[in-house]
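J.: Sharing protein39.txt here; it has compact mmCIF, C-alpha atoms.
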# COMPACT_ATOMS: atom_id res chain seq x y z
CA MET A 1 0.00 0.00 0.00
CA ASN A 2 1.39 3.43 -0.98
CA GLU A 3 2.23 5.92 1.74
CA CYS A 4 0.28 9.20 1.71
CA TYR A 5 1.83 12.56 2.52
CA TYR A 6 -1.06 14.78 3.56
CA ASP A 7 0.89 16.36 6.44
CA LYS A 8 3.95 17.40 4.41
CA ARG A 9 4.71 20.95 3.34
CA MET A 10 5.26 21.82 -0.30
CA ASP A 11 9.07 21.84 -0.08
CA PHE A 12 8.89 18.05 0.26
CA PHE A 13 7.03 17.71 -3.06
CA TYR A 14 9.16 20.32 -4.87
CA ASN A 15 12.28 18.39 -3.89
CA LYS A 16 10.77 15.06 -4.90
CA THR A 17 9.84 16.34 -8.36
CA ASN A 18 13.17 18.17 -8.82
CA THR A 19 11.41 21.51 -9.25
CA ASP A 20 14.28 23.87 -8.57
CA THR A 21 12.98 27.05 -10.22
CA VAL A 22 10.98 28.34 -7.27
CA ASP A 23 13.98 30.29 -5.93
CA GLU A 24 14.19 32.25 -9.18
CA TRP A 25 11.16 34.26 -8.04
CA THR A 26 13.36 36.42 -5.82
CA GLY A 27 15.08 39.79 -5.95
CA PRO A 28 14.43 42.30 -8.76
CA LYS A 29 12.68 39.73 -10.95
CA LEU A 30 10.07 39.05 -8.28
CA ILE A 31 9.56 42.79 -7.66
CA VAL A 32 8.99 43.46 -11.38
CA VAL A 33 6.51 40.59 -11.67
CA LEU A 34 4.65 41.75 -8.55
CA CYS A 35 4.48 45.35 -9.81
CA PHE A 36 3.08 44.36 -13.18
CA GLY A 37 0.76 41.85 -11.54
CA THR A 38 -0.56 44.43 -9.10
CA PHE A 39 -1.21 46.96 -11.87
CA PHE A 40 -3.00 44.40 -14.03
CA CYS A 41 -5.09 43.13 -11.13
CA LEU A 42 -6.20 46.64 -10.18
CA PHE A 43 -7.18 47.26 -13.79
CA ILE A 44 -9.06 43.93 -13.86
CA PHE A 45 -11.03 44.82 -10.72
CA ILE A 46 -11.95 48.34 -11.83
CA SER A 47 -12.71 47.67 -15.50
CA ASN A 48 -14.75 44.50 -15.00
CA SER A 49 -16.69 46.16 -12.17
CA LEU A 50 -17.57 48.93 -14.63
CA VAL A 51 -18.76 46.38 -17.20
CA ILE A 52 -21.03 44.69 -14.66
CA ALA A 53 -22.33 48.05 -13.41
CA ALA A 54 -22.99 49.19 -16.99
CA VAL A 55 -25.13 46.12 -17.71
CA VAL A 56 -27.07 46.66 -14.50
CA LYS A 57 -27.55 50.39 -15.02
CA ASN A 58 -28.38 50.59 -18.73
CA LYS A 59 -31.80 49.07 -19.44
CA ARG A 60 -30.85 48.59 -23.09
CA PHE A 61 -28.42 45.90 -21.89
CA HIS A 62 -31.14 43.89 -20.17
CA PHE A 63 -30.99 40.96 -22.58
CA PRO A 64 -29.65 37.40 -22.14
CA PHE A 65 -26.50 38.07 -24.18
CA TYR A 66 -25.47 41.01 -21.98
CA TYR A 67 -26.30 39.18 -18.77
CA LEU A 68 -23.91 36.44 -19.88
CA LEU A 69 -21.37 39.08 -20.89
CA ALA A 70 -21.60 40.53 -17.37
CA ASN A 71 -21.05 37.04 -15.98
CA LEU A 72 -17.93 36.73 -18.14
CA ALA A 73 -16.74 39.99 -16.58
CA ALA A 74 -17.48 38.47 -13.16
CA ALA A 75 -15.30 35.48 -14.11
CA ASP A 76 -12.49 37.88 -15.05
CA PHE A 77 -12.97 39.69 -11.72
CA PHE A 78 -12.66 36.31 -9.98
CA ALA A 79 -9.49 35.65 -12.01
CA GLY A 80 -8.07 38.87 -10.57
CA ILE A 81 -8.73 37.55 -7.06
CA ALA A 82 -7.00 34.28 -7.98
CA TYR A 83 -3.93 36.13 -9.28
CA VAL A 84 -3.71 38.32 -6.17
CA PHE A 85 -3.79 35.19 -4.00
CA LEU A 86 -1.12 33.65 -6.24
CA MET A 87 1.16 36.71 -5.95
CA PHE A 88 1.17 36.45 -2.15
CA ASN A 89 1.79 32.70 -2.25
CA THR A 90 4.49 32.33 -4.88
CA GLY A 91 8.27 32.47 -5.02
CA PRO A 92 10.05 31.24 -1.88
CA VAL A 93 6.69 31.21 -0.10
CA SER A 94 5.58 28.30 -2.32
CA LYS A 95 7.81 25.88 -0.45
CA THR A 96 6.36 26.86 2.92
CA LEU A 97 2.72 26.31 1.91
CA THR A 98 0.64 23.50 3.31
CA VAL A 99 -0.97 21.06 0.90
CA ASN A 100 -4.44 22.53 1.44
CA ARG A 101 -3.25 26.10 0.86
CA TRP A 102 -1.49 25.05 -2.34
CA PHE A 103 -4.67 23.28 -3.50
CA LEU A 104 -6.59 26.51 -2.82
CA ARG A 105 -4.06 28.56 -4.82
CA GLN A 106 -4.31 26.35 -7.89
CA GLY A 107 -8.03 25.69 -7.45
CA LEU A 108 -8.81 29.41 -7.72
CA LEU A 109 -6.94 29.59 -11.05
CA ASP A 110 -8.65 26.47 -12.39
CA THR A 111 -12.06 27.77 -11.32
CA SER A 112 -11.54 31.11 -13.08
CA LEU A 113 -10.48 29.38 -16.30
CA THR A 114 -13.45 27.01 -16.22
CA ALA A 115 -15.91 29.82 -15.47
CA SER A 116 -14.71 31.81 -18.49
CA LEU A 117 -14.65 28.76 -20.75
CA VAL A 118 -18.13 27.51 -19.84
CA ASN A 119 -19.50 31.04 -20.05
CA LEU A 120 -18.21 31.41 -23.61
CA LEU A 121 -19.76 28.03 -24.41
CA VAL A 122 -23.15 29.18 -23.08
CA ILE A 123 -22.85 32.41 -25.07
CA ALA A 124 -22.26 30.27 -28.17
CA VAL A 125 -25.52 28.40 -27.47
CA GLU A 126 -27.38 31.69 -26.87
CA ARG A 127 -26.02 33.17 -30.10
CA HIS A 128 -26.98 30.00 -31.99
CA MET A 129 -30.54 30.20 -30.67
CA SER A 130 -30.80 33.85 -31.74
CA ILE A 131 -29.11 33.64 -35.11
CA MET A 132 -30.99 30.56 -36.29
CA ARG A 133 -34.20 32.53 -35.72
CA MET A 134 -32.60 35.61 -37.30
CA LYS A 135 -33.07 37.66 -34.14
CA ILE A 136 -30.59 39.91 -32.42
CA HIS A 137 -31.45 38.50 -28.98
CA SER A 138 -32.71 35.12 -27.84
CA ASN A 139 -35.99 34.50 -26.02
CA LEU A 140 -34.35 33.12 -22.89
CA THR A 141 -36.20 34.23 -19.77
CA LYS A 142 -34.45 35.80 -16.81
CA LYS A 143 -35.06 32.65 -14.78
CA ARG A 144 -33.32 30.50 -17.38
CA VAL A 145 -30.42 32.92 -17.67
CA THR A 146 -30.08 32.92 -13.87
CA PHE A 147 -30.10 29.11 -13.87
CA LEU A 148 -27.42 29.07 -16.57
CA ILE A 149 -25.21 31.49 -14.62
CA ILE A 150 -25.57 29.43 -11.41
CA SER A 151 -24.77 26.27 -13.39
CA ILE A 152 -21.65 27.90 -14.87
CA TRP A 153 -20.26 28.66 -11.44
CA ALA A 154 -21.24 25.26 -10.04
CA ILE A 155 -19.32 23.52 -12.84
CA ALA A 156 -16.36 25.88 -12.41
CA ILE A 157 -16.13 25.31 -8.66
CA PHE A 158 -16.40 21.54 -9.10
CA MET A 159 -13.67 21.42 -11.75
CA GLY A 160 -11.43 23.59 -9.59
CA ALA A 161 -11.92 21.20 -6.66
CA VAL A 162 -11.34 17.92 -8.54
CA PRO A 163 -7.67 17.54 -7.48
CA THR A 164 -8.61 18.34 -3.88
CA LEU A 165 -11.33 15.68 -3.99
CA GLY A 166 -8.82 12.95 -4.77
CA TRP A 167 -7.28 13.18 -8.25
CA ASN A 168 -3.80 14.03 -6.97
CA CYS A 169 -0.50 12.32 -6.29
CA LEU A 170 -0.28 12.63 -2.52
CA CYS A 171 -0.33 8.84 -2.26
CA ASP A 172 1.75 8.17 -5.38
CA ILE A 173 4.77 10.46 -5.56
CA THR A 174 6.02 8.86 -8.78
CA ALA A 175 2.93 10.16 -10.61
CA CYS A 176 3.47 13.81 -9.59
CA SER A 177 3.98 16.44 -12.26
CA SER A 178 6.76 19.01 -12.39
CA LEU A 179 4.79 22.24 -12.75
CA ALA A 180 2.18 21.22 -10.20
CA PRO A 181 4.05 19.02 -7.71
CA ILE A 182 0.95 17.50 -6.07
CA TYR A 183 -1.13 17.16 -9.26
CA SER A 184 -1.09 13.80 -11.01
CA ARG A 185 0.27 13.84 -14.55
CA SER A 186 -2.86 11.99 -15.66
CA TYR A 187 -5.00 14.85 -14.35
CA LEU A 188 -2.92 17.45 -16.21
CA VAL A 189 -3.37 15.48 -19.44
CA PHE A 190 -7.13 15.24 -18.85
CA TRP A 191 -7.45 18.91 -17.89
CA SER A 192 -5.43 20.31 -20.79
CA VAL A 193 -6.89 18.02 -23.47
CA LEU A 194 -10.44 18.72 -22.29
CA ASN A 195 -9.94 22.48 -22.49
CA LEU A 196 -8.14 22.36 -25.83
CA VAL A 197 -10.91 20.23 -27.34
CA VAL A 198 -13.55 22.65 -26.07
CA PHE A 199 -11.50 25.52 -27.54
CA PHE A 200 -11.52 23.83 -30.94
CA ILE A 201 -15.25 23.05 -30.81
CA MET A 202 -16.14 26.64 -29.87
CA VAL A 203 -13.96 28.10 -32.61
CA VAL A 204 -15.66 25.88 -35.20
CA VAL A 205 -19.15 26.70 -33.88
CA TYR A 206 -18.52 30.46 -33.81
CA ILE A 207 -17.05 30.45 -37.30
CA ARG A 208 -20.08 28.55 -38.64
CA ILE A 209 -22.50 30.96 -36.91
CA TYR A 210 -20.60 33.99 -38.18
CA MET A 211 -20.57 32.66 -41.76
CA TYR A 212 -24.30 31.89 -41.54
CA VAL A 213 -25.09 35.39 -40.27
CA GLN A 214 -22.98 37.05 -42.93
CA ARG A 215 -24.50 34.93 -45.69
CA LYS A 216 -28.06 35.60 -44.53
CA THR A 217 -27.37 39.31 -44.16
CA ASN A 218 -26.01 39.55 -47.69
CA VAL A 219 -28.95 37.58 -49.15
CA LEU A 220 -31.62 39.56 -47.33
CA SER A 221 -29.99 42.98 -47.55
CA SER A 222 -31.70 43.73 -50.86
CA HIS A 223 -35.09 42.91 -49.29
CA THR A 224 -34.69 44.94 -46.11
CA SER A 225 -35.19 48.60 -45.48
CA GLY A 226 -33.22 50.90 -43.22
CA SER A 227 -29.57 51.82 -42.95
CA ILE A 228 -26.66 49.48 -43.54
CA SER A 229 -25.68 49.67 -39.87
CA ARG A 230 -29.08 48.33 -38.88
CA ARG A 231 -28.87 45.41 -41.27
CA ARG A 232 -25.36 44.57 -40.10
CA THR A 233 -26.11 44.49 -36.37
CA PRO A 234 -26.05 40.65 -36.03
CA VAL A 235 -22.69 40.55 -37.82
CA LYS A 236 -21.22 43.22 -35.54
CA LEU A 237 -22.46 41.39 -32.44
CA MET A 238 -20.86 38.17 -33.65
CA LYS A 239 -17.59 39.98 -34.34
CA THR A 240 -17.53 41.12 -30.72
CA VAL A 241 -18.06 37.58 -29.44
CA MET A 242 -15.49 36.12 -31.83
CA THR A 243 -12.94 38.71 -30.73
CA LEU A 244 -13.50 37.67 -27.11
CA LEU A 245 -13.13 34.00 -28.03
CA GLY A 246 -10.01 34.67 -30.09
CA ALA A 247 -8.35 36.56 -27.23
CA PHE A 248 -9.28 33.78 -24.80
CA VAL A 249 -7.83 31.04 -27.02
CA VAL A 250 -4.61 32.97 -27.76
CA CYS A 251 -4.00 33.79 -24.09
CA TRP A 252 -4.77 30.37 -22.61
CA THR A 253 -3.64 27.87 -25.27
CA PRO A 254 0.15 28.20 -24.67
CA GLY A 255 -0.29 27.52 -20.94
CA LEU A 256 -2.51 24.51 -21.59
CA VAL A 257 0.01 23.11 -24.08
CA VAL A 258 2.74 23.44 -21.44
CA LEU A 259 0.55 21.60 -18.92
CA LEU A 260 -0.07 18.87 -21.49
CA LEU A 261 3.67 18.46 -22.10
CA ASP A 262 4.24 18.26 -18.35
CA GLY A 263 1.49 15.67 -18.04
CA LEU A 264 3.19 13.63 -20.78
CA ASN A 265 6.41 13.86 -18.73
CA CYS A 266 8.38 15.75 -21.37
CA THR A 267 11.62 16.27 -19.48
CA TYR A 268 13.50 17.95 -22.35
CA CYS A 269 10.84 20.54 -23.31
CA GLY A 270 12.12 23.29 -21.00
CA ILE A 271 8.65 24.00 -19.62
CA GLN A 272 10.04 25.43 -16.37
CA ASN A 273 11.60 28.33 -18.30
CA VAL A 274 8.34 29.53 -19.88
CA LYS A 275 5.66 28.73 -17.30
CA ARG A 276 5.66 32.14 -15.60
CA TRP A 277 5.37 34.05 -18.89
CA PHE A 278 2.45 31.94 -20.06
CA LEU A 279 0.78 32.56 -16.70
CA LEU A 280 1.14 36.31 -17.24
CA LEU A 281 -0.28 35.84 -20.75
CA ALA A 282 -3.34 34.16 -19.21
CA LEU A 283 -3.64 37.10 -16.81
CA LEU A 284 -3.56 39.45 -19.80
CA ASN A 285 -6.81 37.88 -21.08
CA SER A 286 -8.76 39.28 -18.14
CA VAL A 287 -7.22 42.69 -18.91
CA MET A 288 -8.15 42.54 -22.61
CA ASN A 289 -11.82 41.60 -22.28
CA PRO A 290 -13.09 44.93 -20.83
CA ILE A 291 -11.11 46.75 -23.52
CA ILE A 292 -12.80 44.62 -26.18
CA TYR A 293 -16.25 45.35 -24.70
CA SER A 294 -15.73 49.11 -24.79
CA TYR A 295 -13.95 49.19 -28.16
CA LYS A 296 -16.52 47.07 -29.97
CA ASP A 297 -19.62 48.47 -28.27
CA ASP A 298 -20.19 52.23 -28.41
CA GLU A 299 -23.11 52.07 -26.02
CA MET A 300 -21.09 50.09 -23.48
CA TRP A 301 -18.22 52.58 -23.69
CA GLY A 302 -20.63 55.52 -23.37
CA THR A 303 -22.22 54.05 -20.25
CA MET A 304 -18.85 53.26 -18.67
CA LYS A 305 -17.53 56.74 -19.50
CA ARG A 306 -20.55 58.42 -17.89
CA MET A 307 -20.04 56.36 -14.73
CA ILE A 308 -16.35 57.26 -14.63
CA CYS A 309 -16.83 60.97 -15.27
CA CYS A 310 -19.98 61.32 -13.16
CA SER A 311 -21.00 64.09 -15.52
CA SER A 312 -24.19 66.09 -15.30
CA GLU A 313 -25.40 64.40 -18.48
CA ASP A 314 -26.36 61.26 -16.55
CA LYS A 315 -29.81 62.45 -15.56
CA SER A 316 -30.70 63.89 -18.94
CA GLN A 317 -29.43 60.77 -20.70
CA ASP A 318 -31.51 58.56 -18.43
CA ARG A 319 -34.60 60.67 -19.12
CA ARG A 320 -34.04 60.38 -22.86
CA SER A 321 -33.52 56.63 -22.59
CA SER A 322 -36.73 56.19 -20.62
CA ARG A 323 -38.75 57.74 -23.45
CA VAL A 324 -37.26 55.44 -26.09
CA PRO A 325 -39.20 52.26 -26.91
CA SER A 326 -37.33 49.03 -26.22
CA THR A 327 -36.05 46.75 -28.95
CA VAL A 328 -38.96 44.40 -28.50
CA LEU A 329 -41.54 47.16 -28.89
CA CYS A 330 -39.96 48.84 -31.89
CA ARG A 331 -39.40 45.75 -34.01
CA SER A 332 -41.16 45.81 -37.31
CA THR A 333 -43.43 43.03 -38.48
CA ASP A 334 -41.87 42.90 -41.93
CA THR A 335 -38.70 41.14 -43.00
CA SER A 336 -36.48 44.07 -41.98
CA GLY A 337 -37.53 43.59 -38.38
CA HIS A 338 -34.99 40.81 -38.02
CA TYR A 339 -32.16 43.29 -38.48
CA ILE A 340 -33.47 46.38 -36.76
CA GLU A 341 -30.81 48.17 -34.77
CA ASP A 342 -31.60 47.89 -31.07
CA GLY A 343 -29.36 50.74 -30.04
CA ILE A 344 -27.05 48.46 -28.13
CA ILE A 345 -24.14 48.07 -30.51
CA GLN A 346 -24.18 51.26 -32.54
CA GLY A 347 -25.87 53.54 -30.02
CA THR A 348 -28.66 54.13 -32.53
CA ILE A 349 -32.16 54.57 -31.14
CA CYS A 350 -34.78 52.63 -33.00
CA GLY A 351 -37.41 55.27 -32.43
CA LYS A 352 -35.33 58.05 -33.94
CA GLY A 353 -37.00 57.73 -37.31
CA ASP A 354 -40.45 58.09 -35.74
CA LEU A 355 -39.44 61.28 -33.99
CA GLY A 356 -38.13 62.66 -37.26
CA ASP A 357 -41.43 61.87 -38.99
CA LYS A 358 -43.33 63.74 -36.30
CA GLY A 359 -41.12 66.73 -36.76
CA ASN A 360 -41.80 66.78 -40.48
CA SER A 361 -45.56 66.44 -40.14
With the file now loaded, output its structure as structure tokens.

T.:
Amino acid sequence: MNECYYDKRMDFFYNKTNTDTVDEWTGPKLIVVLCFGTFFCLFIFISNSLVIAAVVKNKRFHFPFYYLLANLAAADFFAGIAYVFLMFNTGPVSKTLTVNRWFLRQGLLDTSLTASLVNLLVIAVERHMSIMRMKIHSNLTKKRVTFLIISIWAIAIFMGAVPTLGWNCLCDITACSSLAPIYSRSYLVFWSVLNLVVFFIMVVVYIRIYMYVQRKTNVLSSHTSGSISRRRTPVKLMKTVMTLLGAFVVCWTPGLVVLLLDGLNCTYCGIQNVKRWFLLLALLNSVMNPIIYSYKDDEMWGTMKRMICCSSEDKSQDRRSSRVPSTVLCRSTDTSGHYIEDGIIQGTICGKGDLGDKGNS
């Protein structure tokens, strides 16, 4: 029967797996990493809080897609918490950690990754439901969206706790990995392959949806009335989602590949030399997402800017917004109704044409 080492500190496992790079996180290098990490984490907290607040405050964001987008921002906020915890428990401190504290450190990172990944998967389903019906937003009720968000976090927490629940190498030292000294190599292979496969599936699904939307838009453009921007709204919304997915895949794939190589026991791959940089690249994803929201969505940027500036235009803007019919009410019954601008992406108000007509009468 194998001996278990639940009461050992992490220096025991680092020595057993010949992980000798922990001491490199000292001196000027550690200070630089901590400074950049602190700056990025502060930006993550502030920017993603603004995204969530913008969705709550602006009634034109009260649709399933934007609720899920706010949940993605919440996942990035959680990632910031995970990185802060990591910064205070890395370097020489790593060797002094207990097993449970090390599990917590890694579990927070795994949970944040899973929350973002599953959230993007749910957004793909929501977009599919909308686009196949040629609507800008799906008909998901608030109860169903709430259930989906709760399910996302339940799955994320479970996946983050899997090693703690037993899939580890505390009772089989020979199966321990190098990057994660108390994670089994078999778990790293499972974890990395699972995420990479989901990445590939989502990329294929989003590309198919985007091509379908673009094809339908081009076919129906000659039969629809209104401006080009209104007819192109579904395409613009898909571009935003695909940009988010692309950034997520680019930032996380290198780290997952390194974990896969470690799980396959690749001793000559030099993974110890690149692990910290790929971790910072993953951190950069949570920094990029709020920038993508504001750059791709004029209405989102306008709402965030008003909250930052606290300008006197807030009240007047809210009064104007309250007099504007919602997307649901202003949709036309003809074919062009499928592509009517809802004011969310371009900042265009669907009732503007009606007001102009009244002024001309």

J.: For segment 38-40 of chain A, list every protein, DNA or RNA residue within 12 Å, evaluated using all atoms listed in the file, and leave out those in the same chain fewer than 2 positions away; present the list as a count of residues only.

T.: 34

J.: Interatomic distance between atom CA of Lys142 of chain A and atom CA of Phe248 of chain A?

T.: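 According to the coordinates, atom CA of Lys142 of chain A and atom CA of Phe248 of chain A are separated by 26.5 Å.
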
J.: Please measure the separation of atom CA of Leu121 of chain A and atom CA of Asn289 of chain A, giving the value in Å to one decimal.

T.: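 These atoms are spaced 15.9 Å apart.
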
J.: For segment 70-178 of chain A against segment 184-208 of chain A, with a cut-off of 9 Å and counting all atoms listed in the file, what is the closest atom pair and its distance in Å to one decimal for every residue that makes the cut, ordered by chain and number, as JSON lines?

T.:
{"residue": "A:Thr114", "atom": "CA", "partner": "A:Asn195", "partner_atom": "CA", "distance": 8.5}
{"residue": "A:Leu117", "atom": "CA", "partner": "A:Asn195", "partner_atom": "CA", "distance": 8.0}
{"residue": "A:Leu120", "atom": "CA", "partner": "A:Met202", "partner_atom": "CA", "distance": 8.1}
{"residue": "A:Leu121", "atom": "CA", "partner": "A:Met202", "partner_atom": "CA", "distance": 6.7}
{"residue": "A:Ala124", "atom": "CA", "partner": "A:Tyr206", "partner_atom": "CA", "distance": 6.8}
{"residue": "A:Arg127", "atom": "CA", "partner": "A:Tyr206", "partner_atom": "CA", "distance": 8.8}
{"residue": "A:His128", "atom": "CA", "partner": "A:Tyr206", "partner_atom": "CA", "distance": 8.7}
{"residue": "A:Pro163", "atom": "CA", "partner": "A:Tyr187", "partner_atom": "CA", "distance": 7.8}
{"residue": "A:Trp167", "atom": "CA", "partner": "A:Tyr187", "partner_atom": "CA", "distance": 6.7}
{"residue": "A:Asn168", "atom": "CA", "partner": "A:Ser184", "partner_atom": "CA", "distance": 4.9}
{"residue": "A:Cys169", "atom": "CA", "partner": "A:Ser184", "partner_atom": "CA", "distance": 5.0}
{"residue": "A:Leu170", "atom": "CA", "partner": "A:Ser184", "partner_atom": "CA", "distance": 8.6}
{"residue": "A:Asp172", "atom": "CA", "partner": "A:Ser184", "partner_atom": "CA", "distance": 8.5}
{"residue": "A:Ile173", "atom": "CA", "partner": "A:Ser184", "partner_atom": "CA", "distance": 8.7}
{"residue": "A:Thr174", "atom": "CA", "partner": "A:Ser184", "partner_atom": "CA", "distance": 8.9}
{"residue": "A:Ala175", "atom": "CA", "partner": "A:Ser184", "partner_atom": "CA", "distance": 5.4}
{"residue": "A:Cys176", "atom": "CA", "partner": "A:Ser184", "partner_atom": "CA", "distance": 4.8}
{"residue": "A:Ser177", "atom": "CA", "partner": "A:Arg185", "partner_atom": "CA", "distance": 5.1}
{"residue": "A:Ser178", "atom": "CA", "partner": "A:Arg185", "partner_atom": "CA", "distance": 8.6}

J.: How far is it from atom CA of Thr98 of chain A to atom CA of Asp110 of chain A, in Å with one decimal?

T.: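 These two atoms are separated by 18.5 Å.
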